[in-house]
$ cat upload-v8.tsv   # TSV, C-alpha atoms and all ligand atoms
chain	number	residue	atom	x	y	z
A	11	MET	CA	-4.13	-6.16	34.17
A	12	ARG	CA	-0.42	-5.70	33.71
A	13	ARG	CA	0.22	-9.14	35.13
A	14	ASN	CA	-2.27	-10.74	32.74
A	15	ARG	CA	-0.72	-9.00	29.80
A	16	TYR	CA	2.67	-10.26	30.88
A	17	ILE	CA	1.42	-13.83	31.14
A	18	SER	CA	-0.30	-13.68	27.79
A	19	ARG	CA	2.82	-12.22	26.19
A	20	ALA	CA	4.96	-15.03	27.64
A	21	ARG	CA	2.50	-17.65	26.44
A	22	HIS	CA	2.30	-16.00	23.05
A	23	SER	CA	6.03	-16.20	22.49
A	24	ALA	CA	6.13	-19.82	23.71
A	25	ASP	CA	3.34	-20.58	21.21
A	26	ALA	CA	5.20	-18.90	18.38
A	27	GLU	CA	8.35	-20.85	19.25
A	28	THR	CA	6.43	-24.16	19.26
A	29	LEU	CA	4.78	-23.38	15.94
A	30	ALA	CA	8.13	-22.48	14.36
A	31	LYS	CA	9.75	-25.63	15.75
A	32	LEU	CA	7.01	-27.92	14.40
A	33	ALA	CA	7.10	-26.15	11.02
A	34	ARG	CA	10.89	-26.66	10.78
A	35	ARG	CA	10.52	-30.39	11.44
A	36	LEU	CA	7.67	-30.60	8.91
A	37	SER	CA	9.81	-28.94	6.22
A	38	GLU	CA	12.62	-31.47	6.85
A	39	SER	CA	10.37	-34.53	6.63
A	40	GLY	CA	10.97	-36.74	3.60
A	41	THR	CA	7.75	-38.73	3.64
A	42	ARG	CA	4.02	-38.13	3.62
A	43	ILE	CA	3.69	-40.33	6.71
A	44	GLU	CA	5.91	-38.07	8.80
A	45	ASP	CA	4.37	-34.97	7.15
A	46	ARG	CA	0.91	-36.02	8.26
A	47	LEU	CA	1.94	-36.37	11.89
A	48	TRP	CA	3.58	-32.94	12.04
A	49	GLU	CA	0.69	-31.42	10.13
A	50	ARG	CA	-1.84	-32.88	12.55
A	51	ARG	CA	-0.07	-31.32	15.52
A	52	LEU	CA	0.31	-27.98	13.74
A	53	VAL	CA	-3.32	-27.92	12.63
A	54	GLU	CA	-4.52	-28.64	16.18
A	55	LEU	CA	-2.38	-25.86	17.59
A	56	ILE	CA	-3.27	-23.34	14.85
A	57	ASN	CA	-7.00	-24.05	15.07
A	58	ASP	CA	-6.93	-23.71	18.84
A	59	ARG	CA	-5.18	-20.32	18.64
A	60	LEU	CA	-7.47	-19.07	15.86
A	61	VAL	CA	-10.61	-19.99	17.75
A	62	ARG	CA	-9.32	-18.40	20.95
A	63	GLY	CA	-8.21	-15.19	19.21
A	64	PHE	CA	-4.45	-15.69	19.66
A	65	ASP	CA	-3.51	-15.54	15.99
A	66	ASP	CA	-0.65	-13.12	16.82
A	67	ALA	CA	1.42	-16.18	17.74
A	68	ILE	CA	1.01	-17.52	14.19
A	69	GLU	CA	2.11	-14.19	12.70
A	70	ALA	CA	5.10	-14.09	15.06
A	71	ALA	CA	6.16	-17.62	14.07
A	72	LEU	CA	5.84	-16.69	10.38
A	73	ASP	CA	7.93	-13.53	10.88
A	74	GLU	CA	10.65	-15.59	12.52
A	75	LEU	CA	10.63	-18.29	9.80
A	76	ALA	CA	10.55	-15.72	6.98
A	77	ARG	CA	14.00	-14.61	8.17
A	78	SER	CA	15.46	-18.00	9.06
A	79	ASN	CA	13.82	-20.81	7.07
A	80	PRO	CA	11.83	-20.11	3.87
A	81	GLY	CA	10.81	-23.77	3.43
A	82	ALA	CA	9.31	-23.97	6.92
A	83	TYR	CA	7.73	-20.55	6.37
A	84	ASP	CA	5.89	-21.85	3.29
A	85	ASP	CA	4.71	-24.95	5.13
A	86	LEU	CA	3.39	-22.98	8.10
A	87	ALA	CA	1.81	-20.29	5.89
A	88	ASP	CA	-0.01	-22.99	3.87
A	89	LEU	CA	-1.39	-24.60	7.01
A	90	ALA	CA	-2.35	-21.28	8.63
A	91	GLU	CA	-4.19	-20.17	5.48
A	92	SER	CA	-5.94	-23.50	5.23
A	93	CYS	CA	-6.97	-23.45	8.91
A	94	ALA	CA	-8.24	-19.87	8.58
A	95	GLU	CA	-10.38	-20.55	5.50
A	96	SER	CA	-11.75	-24.01	6.34
A	97	ALA	CA	-13.19	-25.88	9.30
A	98	THR	CA	-15.04	-28.99	10.37
A	99	ILE	CA	-18.55	-28.10	11.49
A	100	ASP	CA	-21.37	-30.11	12.94
A	101	ILE	CA	-24.73	-30.24	11.13
A	102	ASP	CA	-27.48	-32.47	12.59
A	103	GLY	CA	-24.87	-34.36	14.59
A	104	LYS	CA	-22.72	-35.15	11.53
A	105	PRO	CA	-19.28	-33.66	10.80
A	106	HIS	CA	-19.00	-31.54	7.64
A	107	ASP	CA	-16.07	-29.98	5.77
A	108	ALA	CA	-16.56	-26.25	5.22
A	109	LEU	CA	-14.52	-24.02	2.91
A	110	LEU	CA	-14.51	-20.25	2.44
A	111	ILE	CA	-14.21	-19.40	-1.26
A	112	ALA	CA	-13.70	-16.11	-3.02
A	113	VAL	CA	-14.93	-15.19	-6.50
A	114	PRO	CA	-12.67	-12.37	-7.71
A	115	LEU	CA	-13.39	-10.02	-10.55
A	116	LEU	CA	-11.20	-7.44	-12.27
A	117	ALA	CA	-12.90	-4.18	-13.18
A	118	TRP	CA	-12.06	-0.74	-14.47
A	119	SER	CA	-14.11	2.35	-15.03
A	120	ARG	CA	-13.84	6.10	-15.69
A	121	TYR	CA	-16.14	6.41	-12.70
A	122	LYS	CA	-15.89	5.05	-9.18
A	123	LEU	CA	-15.83	1.25	-9.04
A	124	PRO	CA	-18.69	-0.03	-6.88
A	125	THR	CA	-18.65	-1.85	-3.56
A	126	THR	CA	-22.23	-2.66	-2.75
A	127	ILE	CA	-24.91	-4.82	-1.19
A	128	LEU	CA	-26.19	-7.52	-3.54
A	129	PRO	CA	-29.97	-7.18	-3.92
A	130	GLY	CA	-31.79	-10.34	-2.75
A	131	PRO	CA	-32.74	-11.72	-6.19
A	132	LEU	CA	-29.20	-11.18	-7.48
A	133	ALA	CA	-27.67	-12.90	-4.43
A	134	ASP	CA	-30.08	-15.80	-4.96
A	135	ASN	CA	-29.09	-15.97	-8.61
A	136	ILE	CA	-25.35	-16.10	-7.77
A	137	GLY	CA	-26.15	-18.78	-5.18
A	138	VAL	CA	-27.88	-20.83	-7.90
A	139	HIS	CA	-24.79	-20.60	-10.14
A	140	LEU	CA	-22.49	-21.59	-7.27
A	141	THR	CA	-24.69	-24.60	-6.52
A	142	ALA	CA	-25.17	-25.59	-10.16
A	143	HIS	CA	-21.60	-25.24	-11.40
A	144	LEU	CA	-19.25	-25.54	-8.42
A	145	ALA	CA	-20.74	-27.40	-5.47
A	146	ALA	CA	-20.91	-31.20	-5.33
A	147	ARG	CA	-24.36	-32.79	-5.22
A	148	GLY	CA	-25.69	-32.54	-1.67
A	149	ALA	CA	-23.25	-29.79	-0.65
A	150	ARG	CA	-24.61	-26.61	0.92
A	151	VAL	CA	-23.72	-23.14	-0.30
A	152	ALA	CA	-24.00	-19.75	1.38
A	153	LEU	CA	-23.13	-16.32	0.03
A	154	ALA	CA	-22.23	-13.05	1.77
A	155	ASP	CA	-24.55	-10.43	0.24
A	156	TYR	CA	-21.85	-7.90	-0.69
A	157	LEU	CA	-19.44	-7.02	-3.48
A	158	PHE	CA	-16.22	-6.27	-1.55
A	159	SER	CA	-13.08	-4.32	-2.40
A	160	ILE	CA	-9.75	-5.74	-1.23
A	161	ASP	CA	-9.58	-3.23	1.68
A	162	GLN	CA	-12.91	-4.52	2.97
A	163	LEU	CA	-11.98	-8.19	3.16
A	164	PRO	CA	-11.01	-9.87	6.44
A	165	GLU	CA	-7.24	-9.57	6.73
A	166	SER	CA	-5.55	-11.45	9.58
A	167	PHE	CA	-5.87	-15.22	9.92
A	168	GLY	CA	-8.17	-14.66	12.91
A	169	GLU	CA	-10.44	-12.26	10.98
A	170	VAL	CA	-10.66	-14.67	8.05
A	171	ARG	CA	-11.62	-17.51	10.39
A	172	ASP	CA	-14.27	-15.38	12.15
A	173	PHE	CA	-15.78	-14.40	8.82
A	174	ALA	CA	-15.64	-17.99	7.56
A	175	ASP	CA	-17.35	-19.29	10.71
A	176	LYS	CA	-20.26	-16.89	10.15
A	177	LEU	CA	-20.62	-18.00	6.53
A	178	PHE	CA	-20.41	-21.66	7.56
A	179	ALA	CA	-23.22	-21.10	10.07
A	180	ALA	CA	-25.28	-19.42	7.32
A	181	ALA	CA	-24.67	-22.46	5.08
A	182	ALA	CA	-25.76	-24.80	7.86
A	183	HIS	CA	-28.99	-22.79	8.30
A	184	GLY	CA	-29.59	-22.35	4.57
A	185	THR	CA	-29.42	-18.54	4.77
A	186	ARG	CA	-27.31	-15.70	3.40
A	187	MET	CA	-24.71	-13.82	5.41
A	188	LYS	CA	-25.87	-10.23	5.84
A	189	ILE	CA	-23.10	-7.64	5.64
A	190	ASP	CA	-23.38	-4.26	7.34
A	191	PRO	CA	-21.80	-1.78	4.88
A	192	LYS	CA	-21.32	0.76	7.71
A	193	ALA	CA	-18.82	-1.61	9.33
A	194	LEU	CA	-16.64	-1.67	6.18
A	195	ARG	CA	-13.77	0.60	5.21
A	196	GLU	CA	-14.14	3.07	2.33
A	197	PRO	CA	-12.08	1.61	-0.54
A	198	VAL	CA	-9.18	3.45	-2.15
A	199	ALA	CA	-10.32	4.70	-5.58
A	200	MET	CA	-8.38	3.19	-8.48
A	201	LEU	CA	-8.91	3.18	-12.25
A	202	ALA	CA	-8.65	-0.64	-12.23
A	203	ASP	CA	-9.11	-2.86	-9.22
A	204	THR	CA	-10.36	-6.17	-7.90
A	205	ARG	CA	-13.78	-6.90	-6.41
A	206	TYR	CA	-14.82	-10.05	-4.56
A	207	LEU	CA	-17.80	-12.19	-3.70
A	208	LEU	CA	-17.33	-14.47	-0.69
A	209	ALA	CA	-19.16	-17.76	-0.25
A	210	ALA	CA	-18.95	-21.03	1.64
A	211	ILE	CA	-19.31	-24.59	0.40
A	212	VAL	CA	-20.11	-27.19	3.06
A	213	ALA	CA	-20.25	-30.96	2.43
A	214	PRO	CA	-20.43	-34.08	4.61
A	215	GLN	CA	-16.91	-34.88	5.83
A	216	GLY	CA	-14.91	-36.90	3.31
A	217	ALA	CA	-17.42	-36.34	0.48
A	218	ALA	CA	-16.66	-34.17	-2.55
A	219	LEU	CA	-16.88	-30.40	-2.05
A	220	PHE	CA	-16.77	-29.56	-5.74
A	221	HIS	CA	-18.88	-31.08	-8.48
A	222	TRP	CA	-15.83	-32.21	-10.51
A	223	GLN	CA	-14.52	-34.25	-7.59
A	224	GLU	CA	-17.55	-36.51	-7.40
A	225	THR	CA	-17.06	-40.22	-8.14
A	226	GLY	CA	-17.76	-40.96	-11.79
A	227	VAL	CA	-17.33	-37.33	-12.90
A	228	ASP	CA	-14.42	-36.59	-15.26
A	229	PRO	CA	-11.99	-34.35	-13.32
A	230	ASP	CA	-11.68	-32.23	-16.47
A	231	ALA	CA	-15.36	-31.35	-16.07
A	232	LYS	CA	-13.90	-28.59	-13.89
A	233	LEU	CA	-12.85	-26.60	-16.98
A	234	ALA	CA	-16.34	-26.38	-18.48
A	235	ALA	CA	-17.92	-25.82	-15.04
A	236	ILE	CA	-15.65	-22.87	-14.26
A	237	ALA	CA	-16.16	-21.40	-17.74
A	238	ALA	CA	-19.96	-21.67	-17.39
A	239	PHE	CA	-19.87	-20.15	-13.91
A	240	ARG	CA	-17.71	-17.24	-15.05
A	241	GLU	CA	-19.98	-16.49	-17.95
A	242	GLN	CA	-23.33	-16.81	-16.15
A	243	ALA	CA	-22.41	-15.28	-12.80
A	244	GLY	CA	-20.50	-12.59	-14.71
A	245	ASN	CA	-23.65	-11.71	-16.69
A	246	ALA	CA	-25.75	-11.74	-13.53
A	247	LEU	CA	-23.48	-9.10	-11.97
A	248	GLN	CA	-23.88	-6.71	-14.92
A	249	PRO	CA	-26.49	-4.46	-13.20
A	250	LEU	CA	-24.01	-3.72	-10.36
A	251	LEU	CA	-21.25	-2.82	-12.78
A	252	THR	CA	-22.75	-0.35	-15.23
A	253	GLY	CA	-20.04	1.82	-16.75
A	254	CYS	CA	-17.36	-0.75	-15.87
A	255	ARG	CA	-15.45	-3.19	-18.02
A	256	TYR	CA	-14.95	-6.32	-15.99
A	257	ARG	CA	-13.82	-9.92	-16.04
A	258	LEU	CA	-14.88	-12.57	-13.54
A	259	LEU	CA	-12.00	-14.86	-12.50
A	260	ALA	CA	-12.18	-18.50	-11.43
A	261	PRO	CA	-13.47	-18.99	-7.88
A	262	ASN	CA	-11.06	-20.69	-5.49
A	263	ALA	CA	-10.28	-21.12	-1.80
A	264	PHE	CA	-10.05	-17.65	-0.23
A	265	HIS	CA	-6.28	-17.13	-0.05
A	266	ALA	CA	-5.49	-18.78	-3.40
A	267	ALA	CA	-8.19	-16.72	-5.13
A	268	LEU	CA	-6.83	-13.46	-3.69
A	269	ARG	CA	-3.29	-14.30	-4.80
A	270	GLN	CA	-4.38	-15.11	-8.35
A	271	ALA	CA	-6.46	-11.93	-8.55
A	272	ASP	CA	-3.49	-9.78	-7.39
A	273	ARG	CA	-1.41	-11.39	-10.12
A	274	ASP	CA	-4.02	-10.99	-12.88
A	275	LEU	CA	-4.79	-7.40	-11.85
A	276	ARG	CA	-1.31	-6.27	-12.94
A	277	GLU	CA	-1.72	-6.86	-16.68
A	278	PHE	CA	-5.40	-5.89	-16.48
A	279	SER	CA	-4.39	-2.50	-15.00
A	280	LEU	CA	-2.05	-1.84	-17.93
A	281	GLU	CA	-4.85	-2.72	-20.38
A	282	ALA	CA	-7.21	-0.47	-18.44
A	283	ALA	CA	-4.81	2.50	-18.51
A	284	VAL	CA	-4.27	2.21	-22.27
A	285	SER	CA	-8.02	1.72	-22.97
A	286	TYR	CA	-8.89	4.63	-20.66
A	287	LEU	CA	-6.54	7.03	-22.48
A	288	LYS	CA	-8.10	6.02	-25.79
A	289	LEU	CA	-11.65	6.36	-24.47
A	290	ALA	CA	-11.23	9.58	-22.48
A	291	TYR	CA	-8.64	11.45	-24.59
A	292	GLU	CA	-8.63	9.69	-27.96
A	293	LEU	CA	-4.98	8.83	-27.48
A	294	ALA	CA	-4.25	5.66	-29.48
A	295	PRO	CA	-1.57	3.29	-28.12
A	296	SER	CA	0.73	4.43	-30.97
A	297	ALA	CA	0.50	8.02	-29.61
A	298	LEU	CA	1.81	6.88	-26.21
A	299	GLN	CA	5.12	5.95	-24.67
A	300	ALA	CA	5.75	4.00	-21.48
A	301	THR	CA	8.52	4.22	-18.86
A	302	ILE	CA	9.33	1.23	-16.69
A	303	ALA	CA	11.33	1.54	-13.45
A	304	PRO	CA	11.86	-0.42	-10.21
A	305	PHE	CA	10.81	1.29	-6.96
A	306	GLU	CA	12.42	0.24	-3.70
A	307	ASP	CA	11.99	0.74	-0.01
A	308	LYS	CA	14.51	-1.58	1.62
A	309	ARG	CA	14.25	-3.88	-1.39
A	310	VAL	CA	12.49	-3.55	-4.74
A	311	GLU	CA	8.78	-3.66	-3.92
A	312	GLU	CA	7.21	-2.91	-7.25
A	313	ILE	CA	7.73	-1.83	-10.81
A	314	ARG	CA	5.91	1.37	-11.77
A	315	VAL	CA	4.95	2.18	-15.31
A	316	GLY	CA	4.53	5.81	-16.30
A	317	ILE	CA	2.55	6.50	-19.46
A	318	SER	CA	3.29	9.69	-21.39
A	319	THR	CA	2.31	11.03	-24.79
A	320	ALA	CA	4.84	10.09	-27.47
A	321	ASN	CA	6.05	13.69	-27.85
A	322	ASP	CA	6.48	14.56	-24.15
A	323	GLU	CA	9.51	13.29	-22.21
A	324	ASP	CA	8.49	14.92	-18.92
A	325	ALA	CA	4.78	14.70	-18.15
A	326	VAL	CA	3.21	11.40	-17.08
A	327	ILE	CA	-0.50	11.25	-17.89
A	328	GLU	CA	-1.35	7.88	-16.32
A	329	GLY	CA	0.48	5.33	-14.23
A	330	VAL	CA	0.27	1.69	-13.29
A	331	VAL	CA	1.78	-0.06	-10.27
A	332	TRP	CA	3.02	-3.61	-10.90
A	333	PRO	CA	3.73	-5.23	-7.49
A	334	LEU	CA	6.40	-7.94	-7.62
A	335	LEU	CA	4.50	-10.63	-5.62
A	336	GLY	CA	7.58	-12.78	-5.17
A	337	ASP	CA	8.76	-12.82	-8.78
A	338	GLU	CA	12.04	-11.44	-10.09
A	339	GLU	CA	12.53	-7.84	-11.07
A	340	ASP	CA	14.01	-8.69	-14.50
A	341	LYS	CA	11.28	-11.17	-15.31
A	342	ALA	CA	8.61	-8.66	-14.31
A	343	GLN	CA	10.14	-5.97	-16.54
A	344	GLU	CA	10.13	-8.37	-19.50
A	345	GLU	CA	6.53	-9.29	-18.78
A	346	ILE	CA	5.51	-5.61	-18.63
A	347	GLU	CA	7.29	-4.86	-21.91
A	348	ALA	CA	5.58	-7.79	-23.62
A	349	ALA	CA	2.19	-6.70	-22.24
A	350	LEU	CA	2.72	-3.10	-23.43
A	351	ARG	CA	3.74	-4.24	-26.92
A	352	ALA	CA	0.70	-6.53	-27.08
A	353	LEU	CA	-1.42	-3.44	-26.32
A	354	GLY	CA	0.28	-1.52	-29.14
A	355	VAL	CA	2.55	0.68	-26.96
A	356	ASN	CA	5.93	0.13	-28.61
A	357	ARG	CA	7.89	3.15	-27.43
A	358	ILE	CA	9.28	1.97	-24.09
A	359	THR	CA	12.02	3.33	-21.83
A	360	THR	CA	13.32	1.06	-19.08
A	361	HIS	CA	15.34	2.70	-16.29
A	362	ALA	CA	17.85	0.41	-14.60
A	363	HIS	CA	18.35	2.66	-11.54
A	364	ARG	CA	16.04	2.23	-8.58
A	365	PHE	CA	13.63	4.96	-7.48
A	366	PRO	CA	12.58	5.50	-3.86
A	367	LEU	CA	9.05	4.22	-3.13
A	368	GLU	CA	7.45	7.69	-3.18
A	369	TYR	CA	3.87	8.86	-2.90
A	370	CYS	CA	2.27	12.30	-3.31
A	371	ASP	CA	2.17	14.14	0.04
A	372	ASP	CA	-1.23	15.63	-0.81
A	373	CYS	CA	-3.26	12.76	-2.22
A	374	GLY	CA	-1.16	9.66	-1.53
A	375	ALA	CA	-0.98	8.72	-5.22
A	376	PRO	CA	2.19	6.87	-6.26
A	377	MET	CA	4.76	8.87	-8.24
A	378	PHE	CA	5.55	7.44	-11.69
A	379	PRO	CA	8.75	7.44	-13.76
A	380	ASN	CA	9.03	9.66	-16.85
A	381	PRO	CA	11.26	9.03	-19.87
A	382	THR	CA	13.96	11.47	-18.64
A	383	GLY	CA	14.37	9.49	-15.41
A	384	HIS	CA	12.40	11.40	-12.77
A	385	ALA	CA	9.47	10.26	-10.63
A	386	VAL	CA	6.54	12.64	-11.16
A	387	HIS	CA	2.86	13.04	-10.35
A	388	ALA	CA	0.53	11.69	-13.05
A	389	GLU	CA	-1.63	14.50	-14.46
A	390	PRO	CA	-4.31	14.18	-17.15
A	391	PRO	CA	-3.33	15.49	-20.59
A	392	GLU	CA	-3.78	19.27	-20.89
A	393	GLU	CA	-4.85	19.65	-24.50
A	394	SER	CA	-8.04	17.67	-23.89
A	395	GLU	CA	-11.20	19.80	-23.92
A	396	GLU	CA	-13.45	17.51	-22.02
A	397	GLN	CA	-11.73	16.15	-18.94
A	398	PRO	CA	-13.35	13.73	-16.54
A	399	ALA	CA	-13.33	14.80	-12.89
A	400	ARG	CA	-9.97	13.99	-11.31
A	401	PRO	CA	-8.22	15.31	-8.23
A	402	LEU	CA	-5.93	18.18	-9.25
A	403	HIS	CA	-3.59	19.94	-6.87
B	1	ZN	ZN	-1.31	14.12	-5.43
$ encode --input "upload-v8.tsv" --output "structure tokens"
Amino acid sequence: MRRNRYISRARHSADAETLAKLARRLSESGTRIEDRLWERRLVELINDRLVRGFDDAIEAALDELARSNPGAYDDLADLAESCAESATIDIDGKPHDALLIAVPLLAWSRYKLPTTILPGPLADNIGVHLTAHLAARGARVALADYLFSIDQLPESFGEVRDFADKLFAAAAHGTRMKIDPKALREPVAMLADTRYLLAAIVAPQGAALFHWQETGVDPDAKLAAIAAFREQAGNALQPLLTGCRYRLLAPNAFHAALRQADRDLREFSLEAAVSYLKLAYELAPSALQATIAPFEDKRVEEIRVGISTANDEDAVIEGVVWPLLGDEEDKAQEEIEAALRALGVNRITTHAHRFPLEYCDDCGAPMFPNPTGHAVHAEPPEESEEQPARPLH
């Protein structure tokens, strides 16, 4: 056993080195012709490692490039994501392009946000909307019958590819992918969060995947198609989301959809916090003040926004985490201020000094900045008579 592990470790680091080397050459290439040749070799290698369960080598190559060569890192990350979420599959002896897509939605509620099995008729209905609005004529569609939280989605490149392969097989057989809820993690409870539907679109190789890519169709038909899908699939999901306010986002390839949802969740969470305080405690935005501060571990990871009542400089009654997602600290702070003002919260304190990335030892909740410059635990307002159930300690 030890010997095998040694061999596989040696091979793994040789793989990572080869991947990093190819990605560096790809990032230096000045022409699409040279790009294509490097990409072909990278795609072959990545696909082979994904299928054989050696995706650690891809992660190791990315770690190395993240430190040494950001351009090559981006190129390799793009290809690894694309290889994880798409594949060429064989149906009736003919090659087909298959893509894993995610349909994100943003939701908030005073109660627990659902993660749940989609009842058969509802799953069928969503499938109809995917086919009618998104898929090209003749493309096959399959849906996983579950509304997932982010913690329940496949995570590593290898897990994404395994999940995608199952959905692609379901599409080939014209069935749904059945999800076993017992195999999924219990999601972390948040006031506002993302939820996801996962589906596959499969089309004969080289043909259009999406309706708006078909010959003779105006490419701008995409805008109306996405709007119609969001409205109709959004309405269809209503029975699963009673007691929630929610917004369906545009479907996209798995990784791109997740990134966009993370981005859109930030402003949505601020809106949710302000709406929640109005709904649960009758605190209008004008009766609130917000405190913005950067929180760092080794570098600034996120901006946290503490919300307090206008007359209390110490207590924080609600908080929102705004992860940086690659953008600048200053730009994020400006964006948060603009979003708060748009919501009617005009009393804003911005702390320039950085807070340590702290969480509550008891419940794991993030600590939020207060106007006087301390990081504190968010607690619901005291004067309220009727308080919704919340963890107090
Ligand atoms: Zn706590």
$ closest_residue --input "upload-v8.tsv" --among "A:Ser318, A:Ser285, A:Pro390, A:Cys370" --to "ligand ZN 1 (chain B)" --atoms "all atoms listed in the file"
A:Cys370
$ residues_around --input "upload-v8.tsv" --residues "A:Ser39" --least-positions-apart "4" --cutoff "12 Å" --atoms "all atoms listed in the file" --output "list in words"
Leu32, Ala33, Arg34, Arg35, Ile43, Glu44, Asp45, Arg46, Leu47, Trp48, Glu49, Gly81, Ala82 and Asp85 of chain A
$ atom_distance --input "upload-v8.tsv" --atom1 "atom CA of A:Glu389" --atom2 "atom CA of A:Lys288"
15.6 Å
$ closest_residue --input "upload-v8.tsv" --among "A:Lys104, A:His363, A:Arg150, A:Lys176" --to "A:Ile189" --atoms "only C-alpha atoms"
A:Lys176
$ residues_around --input "upload-v8.tsv" --residues "A:Ser279" --least-positions-apart "4" --cutoff "9 Å" --atoms "all atoms listed in the file" --output "JSON, numbers by chain"
{"A": [116, 117, 118, 201, 202, 203, 274, 275, 283, 284, 330, 331, 332]}
$ residues_near_ligand --input "upload-v8.tsv" --ligand "ligand ZN 1 (chain B)" --cutoff "10 Å" --atoms "only C-alpha atoms and all ligand atoms" --output "list in words"
Tyr369, Cys370, Asp371, Asp372, Cys373, Gly374, Ala375, Pro376, Met377, Val386, His387, Ala388, Glu389, Pro401, Leu402 and His403 of chain A
$ axis_aligned_box --input "upload-v8.tsv" --around "stretch 20-39 of chain A" --padding-each-side "6 Å" --output "lines of an AutoDock Vina configuration file"
center_x = 7.5
center_y = -24.8
center_z = 16.9
size_x = 22.3
size_y = 31.5
size_z = 33.4
$ residues_around --input "upload-v8.tsv" --residues "stretch 105-110 of chain A" --least-positions-apart "3" --cutoff "9 Å" --atoms "all atoms listed in the file" --output "ChimeraX atom specification"
/A:92,94-102,170-171,173-175,177-178,181,208-217,219,262-264
$ atom_distance --input "upload-v8.tsv" --atom1 "atom CA of A:Ala152" --atom2 "atom CA of A:Leu259"
19.0 Å
$ atom_distance --input "upload-v8.tsv" --atom1 "atom CA of A:Asp190" --atom2 "atom CA of A:Leu128"
11.7 Å
$ residues_near_point --input "upload-v8.tsv" --point "(-24.5, -2.1, -3.5)" --cutoff "10 Å" --atoms "all atoms listed in the file" --output "number ranges by chain"
A: 124-129, 155-158, 191, 250-251
$ closest_residue --input "upload-v8.tsv" --among "A:His384, A:Phe239, A:Gly137, A:Trp222" --to "A:Met187" --atoms "all atoms listed in the file"
A:Gly137
$ closest_residue --input "upload-v8.tsv" --among "A:Ala348, A:Leu247, A:Leu52, A:Ile68" --to "A:Ala26" --atoms "only C-alpha atoms"
A:Ile68
$ residues_near_point --input "upload-v8.tsv" --point "(0.5, -11.9, 17.0)" --cutoff "10 Å" --atoms "only C-alpha atoms" --output "ChimeraX atom specification"
/A:19,22-23,26,63-73,166,168
$ write_last_selection --input "upload-v8.tsv" --atoms "C-alpha atoms" --output "PDB file, keeping the file's coordinate frame"
ATOM      1  CA  ARG A  19       2.820 -12.220  26.190  1.00  0.00           C
ATOM      2  CA  HIS A  22       2.300 -16.000  23.050  1.00  0.00           C
ATOM      3  CA  SER A  23       6.030 -16.200  22.490  1.00  0.00           C
ATOM      4  CA  ALA A  26       5.200 -18.900  18.380  1.00  0.00           C
ATOM      5  CA  GLY A  63      -8.210 -15.190  19.210  1.00  0.00           C
ATOM      6  CA  PHE A  64      -4.450 -15.690  19.660  1.00  0.00           C
ATOM      7  CA  ASP A  65      -3.510 -15.540  15.990  1.00  0.00           C
ATOM      8  CA  ASP A  66      -0.650 -13.120  16.820  1.00  0.00           C
ATOM      9  CA  ALA A  67       1.420 -16.180  17.740  1.00  0.00           C
ATOM     10  CA  ILE A  68       1.010 -17.520  14.190  1.00  0.00           C
ATOM     11  CA  GLU A  69       2.110 -14.190  12.700  1.00  0.00           C
ATOM     12  CA  ALA A  70       5.100 -14.090  15.060  1.00  0.00           C
ATOM     13  CA  ALA A  71       6.160 -17.620  14.070  1.00  0.00           C
ATOM     14  CA  LEU A  72       5.840 -16.690  10.380  1.00  0.00           C
ATOM     15  CA  ASP A  73       7.930 -13.530  10.880  1.00  0.00           C
ATOM     16  CA  SER A 166      -5.550 -11.450   9.580  1.00  0.00           C
ATOM     17  CA  GLY A 168      -8.170 -14.660  12.910  1.00  0.00           C
TER      18      GLY A 168
END
$ residues_around --input "upload-v8.tsv" --residues "stretch 224-228 of chain A" --least-positions-apart "3" --cutoff "12 Å" --atoms "all atoms listed in the file" --output "count of residues only"
18
$ closest_residue --input "upload-v8.tsv" --among "A:Asn79, A:Gln343, A:Ser296, A:Thr41" --to "A:Ala320" --atoms "only C-alpha atoms"
A:Ser296
$ residues_around --input "upload-v8.tsv" --residues "A:Ile302" --least-positions-apart "5" --cutoff "12 Å" --atoms "all atoms listed in the file" --output "number ranges by chain"
A: 280, 312-318, 326, 329-332, 339-340, 342-348, 350, 357-365, 378-385
$ build_atoms --input "upload-v8.tsv" --residues "stretch 168-174 of chain A" --atoms "N, CA and C atoms" --output "short mmCIF file (atom, residue, chain, number, x, y, z; two decimals), in the frame of the given file"
data_model
loop_
_atom_site.label_atom_id
_atom_site.label_comp_id
_atom_site.auth_asym_id
_atom_site.auth_seq_id
_atom_site.Cartn_x
_atom_site.Cartn_y
_atom_site.Cartn_z
N GLY A 168 -7.05 -14.62 11.96
CA GLY A 168 -8.17 -14.66 12.91
C GLY A 168 -9.43 -14.05 12.32
N GLU A 169 -9.27 -12.91 11.61
CA GLU A 169 -10.44 -12.26 10.98
C GLU A 169 -11.04 -13.14 9.89
N VAL A 170 -10.16 -13.79 9.12
CA VAL A 170 -10.66 -14.67 8.05
C VAL A 170 -11.46 -15.81 8.68
N ARG A 171 -10.92 -16.39 9.75
CA ARG A 171 -11.62 -17.51 10.39
C ARG A 171 -12.96 -17.07 10.99
N ASP A 172 -13.00 -15.88 11.60
CA ASP A 172 -14.27 -15.38 12.15
C ASP A 172 -15.31 -15.21 11.05
N PHE A 173 -14.87 -14.62 9.95
CA PHE A 173 -15.78 -14.40 8.82
C PHE A 173 -16.26 -15.74 8.27
N ALA A 174 -15.29 -16.68 8.10
CA ALA A 174 -15.64 -17.99 7.56
C ALA A 174 -16.64 -18.70 8.47
#
